[in-house]
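Peer 1: Pasting structure.pdb here (PDB, C-alpha atoms):
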MODEL        1
ATOM      1  CA  MET P   1      -7.059 -13.544   4.704
ATOM      2  CA  ASN P   2      -5.971 -11.824   1.474
ATOM      3  CA  PHE P   3      -7.142  -8.373   0.399
ATOM      4  CA  ASP P   4      -9.879  -9.716  -1.883
ATOM      5  CA  GLU P   5     -11.372 -11.832   0.897
ATOM      6  CA  LYS P   6     -11.105  -8.971   3.391
ATOM      7  CA  LEU P   7     -12.770  -6.601   0.933
ATOM      8  CA  ARG P   8     -15.671  -8.965   0.217
ATOM      9  CA  LYS P   9     -16.213  -9.467   3.941
ATOM     10  CA  ASN P  10     -16.099  -5.788   4.952
ATOM     11  CA  ILE P  11     -17.649  -3.867   2.074
ATOM     12  CA  ASP P  12     -20.968  -2.225   2.959
ATOM     13  CA  GLU P  13     -22.438  -2.037  -0.532
ATOM     14  CA  GLU P  14     -23.581  -4.927  -2.730
ATOM     15  CA  VAL P  15     -20.913  -4.989  -5.444
ATOM     16  CA  LYS P  16     -19.271  -7.192  -8.043
ATOM     17  CA  ILE P  17     -15.497  -7.478  -7.616
ATOM     18  CA  TYR P  18     -13.145  -8.406 -10.453
ATOM     19  CA  ASN P  19      -9.392  -8.866 -10.096
ATOM     20  CA  LEU P  20      -6.637  -8.099 -12.585
ATOM     21  CA  TRP P  21      -3.287  -9.596 -11.506
ATOM     22  CA  ASP P  22      -0.194  -8.368 -13.340
ATOM     23  CA  GLU P  23       2.568 -10.604 -12.016
ATOM     24  CA  PHE P  24       5.230  -8.844 -14.068
ATOM     25  CA  LEU P  25       4.489  -5.444 -12.492
ATOM     26  CA  ALA P  26       4.413  -7.039  -9.052
ATOM     27  CA  ILE P  27       7.962  -8.388  -9.471
ATOM     28  CA  ASN P  28       9.907  -6.417 -12.092
ATOM     29  CA  PRO P  29      10.252  -3.003 -10.328
ATOM     30  CA  ASN P  30      11.717  -4.670  -7.243
ATOM     31  CA  GLU P  31      14.096  -6.774  -9.356
ATOM     32  CA  ILE P  32      15.497  -3.837 -11.305
ATOM     33  CA  GLY P  33      15.123  -1.148  -8.644
ATOM     34  CA  GLU P  34      13.000   1.286 -10.661
ATOM     35  CA  PHE P  35       9.588   1.763 -12.253
ATOM     36  CA  THR P  36      10.448   2.176 -15.925
ATOM     37  CA  ILE P  37       8.551   4.049 -18.633
ATOM     38  CA  ASN P  38       7.477   0.692 -20.063
ATOM     39  CA  ASN P  39       6.143  -0.274 -16.638
ATOM     40  CA  ARG P  40       4.219   3.016 -16.458
ATOM     41  CA  ASN P  41       2.657   2.320 -19.839
ATOM     42  CA  ARG P  42       1.829  -1.214 -18.755
ATOM     43  CA  LEU P  43       0.076   0.055 -15.616
ATOM     44  CA  PHE P  44      -1.828   2.642 -17.660
ATOM     45  CA  GLN P  45      -3.087  -0.151 -19.931
ATOM     46  CA  ASP P  46      -4.042  -2.284 -16.922
ATOM     47  CA  ILE P  47      -6.068   0.540 -15.351
ATOM     48  CA  LYS P  48      -7.592   1.502 -18.707
ATOM     49  CA  ASN P  49      -8.635  -2.116 -19.263
ATOM     50  CA  ALA P  50     -10.275  -2.088 -15.821
ATOM     51  CA  GLU P  51     -12.144   1.071 -16.845
ATOM     52  CA  PHE P  52     -13.290  -0.657 -20.045
ATOM     53  CA  THR P  53     -15.053  -3.326 -17.960
ATOM     54  CA  GLY P  54     -17.509  -0.643 -16.839
ATOM     55  CA  ALA P  55     -16.085  -0.498 -13.318
ATOM     56  CA  ASP P  56     -17.473   2.228 -11.053
ATOM     57  CA  LEU P  57     -14.323   2.205  -8.914
ATOM     58  CA  ILE P  58     -10.768   0.945  -9.482
ATOM     59  CA  VAL P  59      -8.382   0.036  -6.643
ATOM     60  CA  THR P  60      -4.662  -0.647  -7.012
ATOM     61  CA  THR P  61      -3.300  -2.850  -4.247
ATOM     62  CA  CYS P  62       0.481  -2.371  -4.517
ATOM     63  CA  SER P  63       2.123   0.704  -2.990
ATOM     64  CA  THR P  64       4.938   0.586  -5.568
ATOM     65  CA  LEU P  65       2.331   1.695  -8.130
ATOM     66  CA  THR P  66       1.036   4.709  -6.190
ATOM     67  CA  PRO P  67       3.132   7.516  -7.764
ATOM     68  CA  VAL P  68       2.189   6.322 -11.244
ATOM     69  CA  VAL P  69      -1.466   5.919 -10.248
ATOM     70  CA  GLU P  70      -1.458   9.624  -9.367
ATOM     71  CA  MET P  71      -0.206  10.414 -12.883
ATOM     72  CA  ILE P  72      -2.847   8.186 -14.493
ATOM     73  CA  ARG P  73      -5.903   9.351 -12.525
ATOM     74  CA  PRO P  74      -6.654  12.377 -14.782
ATOM     75  CA  PHE P  75      -7.020  10.035 -17.773
ATOM     76  CA  ILE P  76      -9.545   7.694 -16.108
ATOM     77  CA  SER P  77     -13.239   8.543 -15.934
ATOM     78  CA  VAL P  78     -13.945   6.749 -12.623
ATOM     79  CA  PRO P  79     -12.340   7.085  -9.163
ATOM     80  CA  VAL P  80      -9.011   5.289  -8.762
ATOM     81  CA  ILE P  81      -7.921   4.491  -5.195
ATOM     82  CA  ALA P  82      -4.367   3.470  -4.320
ATOM     83  CA  ILE P  83      -4.105   1.077  -1.403
ATOM     84  CA  ASP P  84      -1.982   3.474   0.651
ATOM     85  CA  ASP P  85      -3.979   6.683   0.071
ATOM     86  CA  GLU P  86      -5.689   6.722   3.456
ATOM     87  CA  MET P  87      -2.686   5.302   5.313
ATOM     88  CA  ALA P  88      -0.493   8.147   4.051
ATOM     89  CA  ARG P  89      -3.121  10.765   4.899
ATOM     90  CA  LEU P  90      -3.311   9.545   8.495
ATOM     91  CA  GLY P  91       0.413   8.864   8.769
ATOM     92  CA  VAL P  92       1.317  12.550   8.907
ATOM     93  CA  THR P  93      -1.081  13.365  11.751
ATOM     94  CA  PHE P  94       0.777  11.838  14.729
ATOM     95  CA  GLY P  95       3.958  13.886  14.840
ATOM     96  CA  GLU P  96       7.124  14.821  12.987
ATOM     97  CA  LYS P  97       9.127  11.586  13.095
ATOM     98  CA  VAL P  98       7.735   8.918  10.763
ATOM     99  CA  LEU P  99       9.346   5.554   9.998
ATOM    100  CA  VAL P 100       8.574   3.505   6.904
ATOM    101  CA  MET P 101       9.147  -0.213   7.483
ATOM    102  CA  ALA P 102       9.343  -2.348   4.348
ATOM    103  CA  THR P 103      10.476  -5.683   2.997
ATOM    104  CA  ALA P 104      10.725  -4.613  -0.665
ATOM    105  CA  GLU P 105      13.013  -1.733  -1.578
ATOM    106  CA  SER P 106      10.715  -0.723  -4.445
ATOM    107  CA  THR P 107       8.009   0.440  -2.036
ATOM    108  CA  VAL P 108      10.170   2.785   0.037
ATOM    109  CA  GLU P 109      10.518   5.824  -2.218
ATOM    110  CA  PRO P 110       6.858   5.731  -3.377
ATOM    111  CA  THR P 111       5.712   5.567   0.236
ATOM    112  CA  LYS P 112       8.039   8.371   1.353
ATOM    113  CA  SER P 113       6.934  10.504  -1.592
ATOM    114  CA  LYS P 114       3.276   9.900  -0.768
ATOM    115  CA  LEU P 115       3.813  10.867   2.874
ATOM    116  CA  ALA P 116       5.676  14.025   1.877
ATOM    117  CA  LYS P 117       2.820  15.076  -0.408
ATOM    118  CA  GLU P 118       0.249  14.443   2.313
ATOM    119  CA  ALA P 119       2.325  16.467   4.785
ATOM    120  CA  ALA P 120       2.448  19.350   2.322
ATOM    121  CA  LYS P 121      -1.321  19.176   1.863
ATOM    122  CA  ALA P 122      -1.839  19.205   5.625
ATOM    123  CA  ASN P 123       0.777  21.961   6.065
ATOM    124  CA  VAL P 124       2.732  19.923   8.599
ATOM    125  CA  LYS P 125       6.442  19.195   8.873
ATOM    126  CA  ILE P 126       7.621  15.580   9.000
ATOM    127  CA  GLU P 127      10.944  13.768   9.012
ATOM    128  CA  ILE P 128      10.737  10.425   7.194
ATOM    129  CA  SER P 129      13.125   7.518   7.793
ATOM    130  CA  ALA P 130      13.058   3.995   6.393
ATOM    131  CA  LYS P 131      14.120   0.495   7.382
ATOM    132  CA  VAL P 132      14.056  -2.355   4.863
ATOM    133  CA  CYS P 133      14.294  -6.049   5.750
ATOM    134  CA  HIS P 134      15.307  -7.758   2.521
ATOM    135  CA  GLU P 135      15.575 -11.122   4.254
ATOM    136  CA  ALA P 136      11.887 -10.923   5.194
ATOM    137  CA  PHE P 137      10.980 -10.326   1.541
ATOM    138  CA  ARG P 138      12.957 -13.411   0.522
ATOM    139  CA  ALA P 139      11.239 -15.425   3.254
ATOM    140  CA  MET P 140       7.825 -14.290   2.022
ATOM    141  CA  LYS P 141       8.687 -15.271  -1.569
ATOM    142  CA  ALA P 142       9.689 -18.687  -0.206
ATOM    143  CA  MET P 143       6.288 -18.880   1.557
ATOM    144  CA  ASP P 144       7.990 -18.949   4.965
ATOM    145  CA  MET P 145       5.780 -16.452   6.768
ATOM    146  CA  ASP P 146       6.968 -17.525  10.213
ATOM    147  CA  GLN P 147      10.490 -16.431   9.275
ATOM    148  CA  HIS P 148       9.094 -13.273   7.605
ATOM    149  CA  ASP P 149       7.272 -12.297  10.785
ATOM    150  CA  ARG P 150      10.176 -13.153  13.097
ATOM    151  CA  LEU P 151      12.593 -10.985  11.120
ATOM    152  CA  LEU P 152      10.237  -8.008  11.078
ATOM    153  CA  LYS P 153       9.595  -8.222  14.808
ATOM    154  CA  GLU P 154      13.354  -8.361  15.400
ATOM    155  CA  MET P 155      13.747  -5.214  13.324
ATOM    156  CA  ALA P 156      10.900  -3.538  15.234
ATOM    157  CA  ARG P 157      12.732  -4.111  18.533
ATOM    158  CA  GLU P 158      15.509  -1.855  17.256
ATOM    159  CA  VAL P 159      13.088   1.005  16.559
ATOM    160  CA  LYS P 160      12.832   3.863  19.048
ATOM    161  CA  GLY P 161      11.757   7.488  19.109
ATOM    162  CA  TYR P 162       9.193   7.607  16.292
ATOM    163  CA  ASP P 163       5.767   9.223  16.365
ATOM    164  CA  CYS P 164       4.313   6.823  13.782
ATOM    165  CA  ILE P 165       5.384   3.687  11.900
ATOM    166  CA  ILE P 166       4.113   2.960   8.390
ATOM    167  CA  LEU P 167       4.078  -0.663   7.220
ATOM    168  CA  ALA P 168       4.778  -0.203   3.526
ATOM    169  CA  GLN P 169       3.525  -3.573   2.298
ATOM    170  CA  ALA P 170       0.013  -4.936   2.706
ATOM    171  CA  SER P 171       1.705  -8.287   3.387
ATOM    172  CA  MET P 172       2.929  -6.818   6.696
ATOM    173  CA  ALA P 173      -0.529  -5.744   7.902
ATOM    174  CA  HIS P 174      -1.134  -8.784  10.112
ATOM    175  CA  LEU P 175       1.797  -7.621  12.272
ATOM    176  CA  GLU P 176       0.314  -4.184  12.959
ATOM    177  CA  ASP P 177      -0.777  -4.887  16.542
ATOM    178  CA  GLU P 178       2.398  -6.776  17.489
ATOM    179  CA  ILE P 179       4.683  -4.058  16.136
ATOM    180  CA  ARG P 180       2.595  -1.401  17.903
ATOM    181  CA  ASN P 181       3.086  -3.285  21.179
ATOM    182  CA  ILE P 182       6.822  -3.614  20.546
ATOM    183  CA  CYS P 183       7.418   0.003  19.510
ATOM    184  CA  HIS P 184       4.826   1.735  21.729
ATOM    185  CA  CYS P 185       3.655   4.160  19.029
ATOM    186  CA  PRO P 186       0.928   4.289  16.376
ATOM    187  CA  VAL P 187       1.462   1.732  13.581
ATOM    188  CA  LEU P 188      -0.483   1.959  10.324
ATOM    189  CA  SER P 189      -0.998  -0.573   7.539
ATOM    190  CA  SER P 190      -2.949  -0.113   4.364
ATOM    191  CA  PRO P 191      -5.634  -2.821   3.823
ATOM    192  CA  ASP P 192      -8.207  -1.922   6.498
ATOM    193  CA  LEU P 193      -7.790   1.817   5.933
ATOM    194  CA  CYS P 194      -8.158   1.317   2.185
ATOM    195  CA  ILE P 195     -11.382  -0.622   2.691
ATOM    196  CA  GLN P 196     -12.723   2.213   4.830
ATOM    197  CA  GLN P 197     -11.932   4.606   1.988
ATOM    198  CA  ILE P 198     -13.589   2.301  -0.563
ATOM    199  CA  ASN P 199     -16.750   2.230   1.541
ATOM    200  CA  GLU P 200     -16.797   6.019   1.724
ATOM    201  CA  VAL P 201     -16.278   6.443  -2.026
ATOM    202  CA  LEU P 202     -18.938   3.869  -2.893
ATOM    203  CA  LYS P 203     -21.471   5.889  -0.898
ATOM    204  CA  THR P 204     -20.848   8.850  -3.214
ATOM    205  CA  ILE P 205     -21.298   6.887  -6.442
ATOM    206  CA  LYS P 206     -24.762   7.239  -7.938
ATOM    207  CA  LYS P 207     -26.681   3.994  -8.256
TER     208      LYS P 207
ENDMDL
END
Would you write out, as structure tokens, the structure that this file holds?

Peer 2:
Amino acid sequence: MNFDEKLRKNIDEEVKIYNLWDEFLAINPNEIGEFTINNRNRLFQDIKNAEFTGADLIVTTCSTLTPVVEMIRPFISVPVIAIDDEMARLGVTFGEKVLVMATAESTVEPTKSKLAKEAAKANVKIEISAKVCHEAFRAMKAMDMDQHDRLLKEMAREVKGYDCIILAQASMAHLEDEIRNICHCPVLSSPDLCIQQINEVLKTIKK
């Protein structure tokens, strides 16, 4: 079940949902290893165009975008939720040692930065590490999810001594329970937590 389907199934309010898919932004930062100024401007235009539709709430569903979303929020008149907002907030509450597991390199630094900011807000100290499985990303792009999952579970078996594991990509969320059982510590992924946050924000929006 993709995020759109999960959202439609689990949202409490009666809403209209529109999707804007920017394939270039989904691929380019990972290919070149950075989120360029042109990419920032492109994301600003994407979010501004979503605002122009009359949306009451805008959600970005790629964690690579999160640092730029935080820059853009002051220029948008409606709430903008990043998919990993709630995951990062909870991720700093379990203890000092936090591991970010990812398949795309481009998500690592944004996720670590988000966790560090949430730790500062909560006035807690954390130590953030990261493990990236590039082979799993290539398997996912080839639509071989069995190989994707096998590689990530192999990587999880090497993980020990962490208080919390963050799954940096929404595409990893279906492995949350299995990785928790392998690693014997809290494991967080973004989609379900983001939907909880969406439900809470929608309750505050005037009809």

Peer 1: What would the selection look like, as a count of residues only, if the PyMOL selection byres ((chain P and resi 161) around 9) were run on the coordinates I just shared?

Peer 2: 7

Peer 1: Please evaluate the PyMOL selection byres ((chain P and resi 74-86) around 9) against the structure above and give the resulting residues as a PyMOL selection string.

Peer 2: chain P and resi 47-48+51+55-63+65-66+69-73+87-91+111+114+168+170+189-191+193-198+201

Peer 1: Now that the selection is made, can you save its residues with C-alpha atoms as a compact mmCIF listing (two decimals), in the frame of the given file?

Peer 2:
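Generated output (result12.txt):
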# COMPACT_ATOMS: atom_id res chain seq x y z
CA ILE P 47 -6.07 0.54 -15.35
CA LYS P 48 -7.59 1.50 -18.71
CA GLU P 51 -12.14 1.07 -16.84
CA ALA P 55 -16.08 -0.50 -13.32
CA ASP P 56 -17.47 2.23 -11.05
CA LEU P 57 -14.32 2.20 -8.91
CA ILE P 58 -10.77 0.94 -9.48
CA VAL P 59 -8.38 0.04 -6.64
CA THR P 60 -4.66 -0.65 -7.01
CA THR P 61 -3.30 -2.85 -4.25
CA CYS P 62 0.48 -2.37 -4.52
CA SER P 63 2.12 0.70 -2.99
CA LEU P 65 2.33 1.70 -8.13
CA THR P 66 1.04 4.71 -6.19
CA VAL P 69 -1.47 5.92 -10.25
CA GLU P 70 -1.46 9.62 -9.37
CA MET P 71 -0.21 10.41 -12.88
CA ILE P 72 -2.85 8.19 -14.49
CA ARG P 73 -5.90 9.35 -12.52
CA MET P 87 -2.69 5.30 5.31
CA ALA P 88 -0.49 8.15 4.05
CA ARG P 89 -3.12 10.76 4.90
CA LEU P 90 -3.31 9.54 8.49
CA GLY P 91 0.41 8.86 8.77
CA THR P 111 5.71 5.57 0.24
CA LYS P 114 3.28 9.90 -0.77
CA ALA P 168 4.78 -0.20 3.53
CA ALA P 170 0.01 -4.94 2.71
CA SER P 189 -1.00 -0.57 7.54
CA SER P 190 -2.95 -0.11 4.36
CA PRO P 191 -5.63 -2.82 3.82
CA LEU P 193 -7.79 1.82 5.93
CA CYS P 194 -8.16 1.32 2.18
CA ILE P 195 -11.38 -0.62 2.69
CA GLN P 196 -12.72 2.21 4.83
CA GLN P 197 -11.93 4.61 1.99
CA ILE P 198 -13.59 2.30 -0.56
CA VAL P 201 -16.28 6.44 -2.03

Peer 1: I'd like the neighbourhood of Glu154 (chain P) as a list in words, where a residue qualifies if any of its atoms comes within 10 Å (using only C-alpha atoms), though same-chain residues fewer than 3 positions away should be ignored.

Peer 2: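 Counting only C-alpha atoms, the residues come to Cys133, Asp149, Arg150, Leu151, Arg157, Glu158, Val159, Ile179 and Ile182 of chain P.
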
Peer 1: Need the shell around Ile126 (chain P): protein/DNA/RNA residues with any atom at most 8 Å away, counting only C-alpha atoms. Skip same-chain ones fewer than 4 positions apart. Format as a list in words?

Peer 2: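 Near Ile126 (chain P), the qualifying residues are Val92, Gly95, Glu96, Lys97, Val98, Ala116 and Ala119 of chain P.
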
Peer 1: Can you tell me how far CA of Asn181 (chain P) sits from CA of Asp146 (chain P), in Å to one decimal?

Peer 2: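 Distance reported for this atom pair: 18.4 Å.
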
Peer 1: At what distance in Å, to one decimal, does CA of Asn19 (chain P) lie from CA of Thr107 (chain P)?

Peer 2: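 Pair CA of Thr107 (chain P) / CA of Asn19 (chain P) returns 21.3 Å.
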
Peer 1: With all atoms listed in the file as the atoms that count, which of P:Thr103, P:Thr64, P:Ser171, P:Thr93 lies nearest to Glu34 (chain P)?

Peer 2: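 Among the listed residues, P:Thr64 lies closest to Glu34 (chain P).
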
Peer 1: On this file, the PyMOL selection byres ((chain P and resi 104) around 8) gives some set of residues; write that set as a list in words.

Peer 2: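 On this input, the PyMOL selection byres ((chain P and resi 104) around 8) captures Asn30, Ala102, Thr103, Glu105, Ser106, Thr107, Val108, Val132, Cys133, His134, Phe137 and Gln169 of chain P.
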
Peer 1: Compare P:Pro29, P:Asp192, P:Leu202, P:Leu99 by their minimum atom-to-atom distance to Glu5 (chain P), counting all atoms listed in the file, and give me the closest one.

Peer 2: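 Under the stated criterion, the closest residue is P:Asp192.
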
Peer 1: Report, in Å to a single decimal, how far apart CA of Val100 (chain P) and CA of Ser113 (chain P) are.

Peer 2: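 One can read the CA of Ser113 (chain P) to CA of Val100 (chain P) distance as 11.1 Å.
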
Peer 1: Give the answer as one residue: which of P:Ser129, P:His174, P:Lys203, P:Pro110 has the shortest atom-to-atom distance to Gly33 (chain P), using all atoms listed in the file?

Peer 2: P:Pro110

Peer 1: Using all atoms listed in the file, can you tell me which of P:Ala26, P:Ile205, P:Val68, P:Met101 comes closest to Asn41 (chain P)?

Peer 2: P:Val68

Peer 1: Using all atoms listed in the file, can you tell me which of P:Glu109, P:Asn123, P:Ile166, P:Asn49 comes closest to Phe35 (chain P)?

Peer 2: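 Looking only at the distances to Phe35 (chain P), the closest residue turns out to be P:Glu109.
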
Peer 1: Using all atoms listed in the file for the distances, tell me which of P:Ala173, P:Leu25, P:Ile165, P:Ala122 is nearest to Asn39 (chain P).

Peer 2: P:Leu25
